[in-house]
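One structure is given below, encoded as structure tokens.
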Amino acid sequence: MGNILFEQVTLKFSGMARPAVDQVTCEIQSGELVVILGPSGCGKTTLLKMVNRLYEPTKGRITMAGKNIKALRPTTLRQKIGYVIQQSGLFPHMTVANNVAVVPKLLKWPAQKIQARVDELLQLVKLPPADYRDRYPAQLSGGQQQRVGIARALAGNPDYMLMDEPFGAIDAITRSALQAEILRLHQHLKKTILFVSHDVDEALRLGDRIIVMNAGRIVQFDTPFKLLTQPADPFVHQLLGADDMVRQLGQVSVDAALLPLPDPFHADQHPAVEANANLRDALSIILKTGAPELAVVDQGKPVGRLTLDHIRTCAREPNC
Amino acid sequence: MAYLLNHPGEIATLVWQHLQMTLTALAIAILIAVPIALLINRVRWLSVPVMGLLGIFYTIPSLALIIFLVPVFGLNATSVIVAMVIYTQVILVRNLTVGLEGIDRSVLEAARGMGMSLWQRWWWVQVPLVLPVFVAGVRISAVVAIAIATIGAKFNAGGLGRLLFDGIQTNRIDKIWAGSIAVAILAFALNGLLLWLEQCSQPANQQ
């Protein structure tokens with residue numbers, strides 16, 4: 001496990017007026033999922049690709065777990081970093097199993113270990129190996145291809161993952177399922193993940209923290225909630241739609257806002273909301289059912305209650 | 001047809017000469033075309049001048065081209081083989097460059113990003129993906145080369161063309177027929193063999 005540290009990183013492509021990435025300094029903590037968010041041309045992908053040395057910075061230094069990435073050969077470095085790109089980039093002439101096996105083969109694992117690893121990973125991304133191992137990428141849907149892409153990136157068991165708008169070309173329903181999958185995998189595997197996105201909702205949903213970039217610079221690097229409630233400047237405010245109260249409520253978990261149970265409380269008389277849902281979900285239930293009060297349940301047991309008034313307070317006063 | 005069956009020894013020798021010329025020319029042509037195509041793939045602006053030049057060569061009638069080459073390489077098979085190499089370049093280089101450009105950029109980026117070396121990217125990714133288009137180019141080149149090799153007989157290079165030119169000179173219709181049929185069969189056979197190879201090299205997902 002390890003962190004990623006950018007120090008004064010600048011990259012200026014020849015013939016361009018301003019640097020694509022301009023004096024970026026920041027630290028991604030070990031095990032953190034950080035989304036780089038910004039409009040196209042803001043330098044987010046360029047920043048990402050400097051981590052696996054597809055681009056070399058003109059100035060500055062990048063270290064991973066304290067080691068300068070220039071100390072390693074690019075191929076060795078890249079084999080230690082999972083890489084997922086937008087169009088999946090699966091090798092069309094290889095079966096799903098062979099696609100997933102590429103990095104283990106580069107790392108010269110024994111054949112038996114590779115086969116076991118392939119099956120384990122296909123299971124992990126919910127593609128039953130018996131059905132999918134021998135298929136070709138062209139025989140899969142876009143969402144399935146991207147699942148294989150994720151399995152392939154995880155194959156060498158890297159401590160780091162770089163994801164370059166991996167769900168940009170995927171329909172909304174599948175994208176949502178894949179986002180849930182990433183959250184599950186991240187919770188489970190604790191990789192340090194850098195995830196490039198131009199989709200605000202995706203960034204808010206996935207990121208432990210979000211780097212907001214504009215014109216090559218970091219404008220703000222903060223948690224989703226902080227970005228919404230304390231945007232650094234009008235650009236962040238507008239990009240995130242910080243006026244959108246409902247969006248803001250989506251960032252607060254029900255758990256953090258629940259009211260204590262009064263003594264006789266008949267949970268079955270109120271609509272229920274799960275403790276791990278967010279206030280936006282809770283608000284939807286209130287609007288849908290017309291009930292003034294919800295029972296918050298955790299694994300079937302009531303743990304608290306929530307009222308419309310209280311949600312309103314939370315929307316105005318984030319530290320409710 | 002009767003001539004073919006009655007002179008198996010002569011025919012076999014001529015077929016062998018014909019094949020030898022064709023295969024030698026193809027082998028040399030491939031060795032030259034691969035680096036040219038790779039260069040064009042890297043340095044894009046070279047594409048227009050190089051393809052233009054090769055295209056111009058292709059428009060020169062084969063008879064005339066061989067006559068140009070005789071003073072340099074002599075009145076023998078070498079001149080004919082050089083002509084075949086020049087002719088097939090345009091086909092091979094074009095197919096190779098089209099094939100290389102046809103590889104999805106995201107596939108190459110993924111290969112690089114996963115830590116494959118230049119060599120591994122070439123053999124694991126580019127070669128298998130280009131192979132079907134490339135073999136198609138070799139197939140067309142082979143047919144063109146067989147045709148030119150026939151004319152080679154005029155320049156003392158041997159091959160099945162001998163039957164044709166002898167037949168014309170001595171007014172032997174049977175020899176002319178025999179030569180034509182033999183060349184046609186050879187062309188069909190080589191074409192069929194390469195077509196089969198082409199299908200074998202096709203990735204399974206596209207079959």
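Here's how to read the names in the structure tokens: chain A, B, ... by the order shown, residue numbers from 1 in each chain, ligand numbers from 1 in the order shown.
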
Find the residues of chain B in contact range of chain A, meaning any atom within 8 Å when counting only C-alpha atoms, and list them as a list in words.
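Selected residues: Asp104, Ser106, Val107, Leu108, Glu109, Ala110, Arg112, Gly113, Met114, Gly115, Met116, Ser117, Val125, Pro128, Leu129, Pro203, Ala204 and Asn205 of chain B.
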
Give me, as a ChimeraX atom specification, the residues of chain B that a backbone DSSP run labels alpha helix (DSSP H).
/B:2-6,8-42,47-59,62-73,77-101,105-113,118-120,127-151,161-170,173-201

For a quick check of understanding, using only C-alpha atoms, which of B:Ala33, B:Val135, B:Ala189, B:Leu160 has the smallest distance to Trp16 in chain B?
B:Leu160

Would you list the contacts of range 268-273 of chain A as an MDAnalysis selection string, taking every protein, DNA or RNA residue within 9 Å and counting only C-alpha atoms, but skipping same-chain residues closer than 6 positions in sequence?
chainID A and resid 254 281:282 285:286 289 291:298 302 305

Store the residues picked out above in a file with C-alpha atoms, as a PDB file, in the first residue's frame.
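Dumped to result_34.pdb:
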ATOM      1  CA  VAL A 254     -29.011   9.206   7.224  1.00  0.00           C
ATOM      2  CA  ASP A 281     -33.130   9.050  -0.355  1.00  0.00           C
ATOM      3  CA  ALA A 282     -34.910   9.877   2.888  1.00  0.00           C
ATOM      4  CA  ILE A 285     -39.478   8.603   0.729  1.00  0.00           C
ATOM      5  CA  ILE A 286     -41.075  11.467   2.644  1.00  0.00           C
ATOM      6  CA  THR A 289     -45.383   8.620   1.133  1.00  0.00           C
ATOM      7  CA  ALA A 291     -45.421  10.675   6.008  1.00  0.00           C
ATOM      8  CA  PRO A 292     -43.993  13.391   8.292  1.00  0.00           C
ATOM      9  CA  GLU A 293     -41.624  11.007  10.009  1.00  0.00           C
ATOM     10  CA  LEU A 294     -39.432   8.056   8.998  1.00  0.00           C
ATOM     11  CA  ALA A 295     -38.098   5.142  10.989  1.00  0.00           C
ATOM     12  CA  VAL A 296     -34.379   4.617  10.410  1.00  0.00           C
ATOM     13  CA  VAL A 297     -33.574   0.934  10.422  1.00  0.00           C
ATOM     14  CA  ASP A 298     -30.305  -0.923  10.461  1.00  0.00           C
ATOM     15  CA  PRO A 302     -35.071   0.676  14.319  1.00  0.00           C
ATOM     16  CA  ARG A 305     -36.068   8.579  13.366  1.00  0.00           C
TER      17      ARG A 305
END

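Residues within 10 Å of range 3-14 of chain B, counting only C-alpha atoms and excluding same-chain residues fewer than 3 positions away, are Gln17, His18, Leu19, Gln20, Gly158, Gly159, Leu160, Gly161, Arg162, Leu163, Asp174, Lys175, Ile176, Trp177, Ala178, Gly179, Ile181 and Ala182 of chain B.
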
Hey, what's within 12 Å of Ala177 in chain A if we count only C-alpha atoms and toss same-chain stuff fewer than 6 positions away? As an MDAnalysis selection string, please?
chainID A and resid 125:126 143:144 146:147 167 170:171 183:184 202

Output C-alpha atoms for every residue in the selection just made, as a tab-separated table (two decimals), in the first residue's frame.
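Output file part_27.tsv follows:
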chain	number	residue	atom	x	y	z
A	125	VAL	CA	-16.29	-8.66	-11.20
A	126	LYS	CA	-19.33	-10.96	-11.39
A	143	GLY	CA	-20.55	-2.95	-19.44
A	144	GLN	CA	-19.19	-6.49	-19.45
A	146	GLN	CA	-15.43	-2.74	-18.80
A	147	ARG	CA	-15.78	-5.36	-16.06
A	167	PHE	CA	-17.52	4.60	-17.62
A	170	ILE	CA	-21.49	3.45	-20.99
A	171	ASP	CA	-25.25	3.91	-20.64
A	183	LEU	CA	-17.20	1.25	-4.45
A	184	ARG	CA	-17.57	-2.37	-3.39
A	202	GLU	CA	-20.03	10.24	-10.50

Residue contacts of Ile28 in chain B (12 Å, only C-alpha atoms) excluding same-chain residues fewer than 4 positions away, as a PyMOL selection string:
chain B and resi 21-24+32-35+78+81-89+92+138

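For range 4-10 of chain A, the residues within 8 Å (counting only C-alpha atoms, excluding itself and residues fewer than 4 positions away along the chain) are Pro19, Ala20, Val21, Asp22, Gln23, Val24, Thr25, Cys26, Glu27, Ile28, Gln29, Ser30, Pro57, Thr58, Lys59, Gly60, Arg61, Ile62, Thr63, Met64, Ala65 and Gly66 of chain A.
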
Store the residues of this selection in a file with N, CA and C atoms, as a PDB file, in the first residue's frame.
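The file below, selection_12.pdb, is the result:
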ATOM      1  N   PRO A  19       0.780  25.578 -19.835  1.00  0.00           N
ATOM      2  CA  PRO A  19       1.029  24.181 -19.461  1.00  0.00           C
ATOM      3  C   PRO A  19      -0.283  23.405 -19.325  1.00  0.00           C
ATOM      4  N   ALA A  20      -0.270  22.139 -19.741  1.00  0.00           N
ATOM      5  CA  ALA A  20      -1.464  21.291 -19.593  1.00  0.00           C
ATOM      6  C   ALA A  20      -1.701  21.008 -18.117  1.00  0.00           C
ATOM      7  N   VAL A  21      -0.614  20.837 -17.389  1.00  0.00           N
ATOM      8  CA  VAL A  21      -0.686  20.688 -15.936  1.00  0.00           C
ATOM      9  C   VAL A  21       0.298  21.691 -15.350  1.00  0.00           C
ATOM     10  N   ASP A  22      -0.178  22.482 -14.386  1.00  0.00           N
ATOM     11  CA  ASP A  22       0.590  23.641 -13.951  1.00  0.00           C
ATOM     12  C   ASP A  22       0.857  23.596 -12.447  1.00  0.00           C
ATOM     13  N   GLN A  23       2.075  23.257 -12.076  1.00  0.00           N
ATOM     14  CA  GLN A  23       2.520  23.273 -10.683  1.00  0.00           C
ATOM     15  C   GLN A  23       1.537  22.606  -9.730  1.00  0.00           C
ATOM     16  N   VAL A  24       1.257  21.367 -10.000  1.00  0.00           N
ATOM     17  CA  VAL A  24       0.321  20.634  -9.149  1.00  0.00           C
ATOM     18  C   VAL A  24       1.064  20.011  -7.972  1.00  0.00           C
ATOM     19  N   THR A  25       0.589  20.314  -6.791  1.00  0.00           N
ATOM     20  CA  THR A  25       1.134  19.694  -5.587  1.00  0.00           C
ATOM     21  C   THR A  25      -0.026  19.128  -4.792  1.00  0.00           C
ATOM     22  N   CYS A  26      -0.003  17.843  -4.528  1.00  0.00           N
ATOM     23  CA  CYS A  26      -1.048  17.268  -3.679  1.00  0.00           C
ATOM     24  C   CYS A  26      -0.657  15.859  -3.285  1.00  0.00           C
ATOM     25  N   GLU A  27      -1.341  15.339  -2.299  1.00  0.00           N
ATOM     26  CA  GLU A  27      -1.032  13.992  -1.840  1.00  0.00           C
ATOM     27  C   GLU A  27      -2.285  13.135  -1.808  1.00  0.00           C
ATOM     28  N   ILE A  28      -2.214  11.986  -2.450  1.00  0.00           N
ATOM     29  CA  ILE A  28      -3.293  11.006  -2.395  1.00  0.00           C
ATOM     30  C   ILE A  28      -2.899  10.011  -1.309  1.00  0.00           C
ATOM     31  N   GLN A  29      -3.759   9.875  -0.298  1.00  0.00           N
ATOM     32  CA  GLN A  29      -3.420   8.981   0.810  1.00  0.00           C
ATOM     33  C   GLN A  29      -3.506   7.522   0.381  1.00  0.00           C
ATOM     34  N   SER A  30      -2.773   6.713   1.087  1.00  0.00           N
ATOM     35  CA  SER A  30      -2.829   5.278   0.837  1.00  0.00           C
ATOM     36  C   SER A  30      -4.252   4.755   1.046  1.00  0.00           C
ATOM     37  N   PRO A  57       6.596  14.582 -16.773  1.00  0.00           N
ATOM     38  CA  PRO A  57       6.479  15.997 -16.417  1.00  0.00           C
ATOM     39  C   PRO A  57       7.700  16.785 -16.891  1.00  0.00           C
ATOM     40  N   THR A  58       7.478  18.045 -17.264  1.00  0.00           N
ATOM     41  CA  THR A  58       8.619  18.878 -17.627  1.00  0.00           C
ATOM     42  C   THR A  58       9.319  19.380 -16.367  1.00  0.00           C
ATOM     43  N   LYS A  59       8.533  19.529 -15.295  1.00  0.00           N
ATOM     44  CA  LYS A  59       9.126  19.943 -14.020  1.00  0.00           C
ATOM     45  C   LYS A  59       8.418  19.228 -12.893  1.00  0.00           C
ATOM     46  N   GLY A  60       9.070  19.121 -11.763  1.00  0.00           N
ATOM     47  CA  GLY A  60       8.420  18.549 -10.590  1.00  0.00           C
ATOM     48  C   GLY A  60       8.705  17.079 -10.422  1.00  0.00           C
ATOM     49  N   ARG A  61       8.091  16.509  -9.398  1.00  0.00           N
ATOM     50  CA  ARG A  61       8.433  15.160  -9.006  1.00  0.00           C
ATOM     51  C   ARG A  61       7.172  14.423  -8.554  1.00  0.00           C
ATOM     52  N   ILE A  62       7.092  13.156  -8.900  1.00  0.00           N
ATOM     53  CA  ILE A  62       5.997  12.315  -8.401  1.00  0.00           C
ATOM     54  C   ILE A  62       6.616  11.153  -7.643  1.00  0.00           C
ATOM     55  N   THR A  63       6.164  10.952  -6.414  1.00  0.00           N
ATOM     56  CA  THR A  63       6.650   9.802  -5.656  1.00  0.00           C
ATOM     57  C   THR A  63       5.474   8.921  -5.256  1.00  0.00           C
ATOM     58  N   MET A  64       5.717   7.623  -5.232  1.00  0.00           N
ATOM     59  CA  MET A  64       4.704   6.674  -4.787  1.00  0.00           C
ATOM     60  C   MET A  64       5.305   5.905  -3.628  1.00  0.00           C
ATOM     61  N   ALA A  65       4.623   5.908  -2.510  1.00  0.00           N
ATOM     62  CA  ALA A  65       5.125   5.292  -1.269  1.00  0.00           C
ATOM     63  C   ALA A  65       6.555   5.741  -1.002  1.00  0.00           C
ATOM     64  N   GLY A  66       6.809   7.014  -1.231  1.00  0.00           N
ATOM     65  CA  GLY A  66       8.116   7.574  -0.892  1.00  0.00           C
ATOM     66  C   GLY A  66       9.186   7.379  -1.950  1.00  0.00           C
TER      67      GLY A  66
END

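Between CA of Asn99 in chain A and CA of Ile36 in chain A the interatomic distance comes to 27.2 Å.
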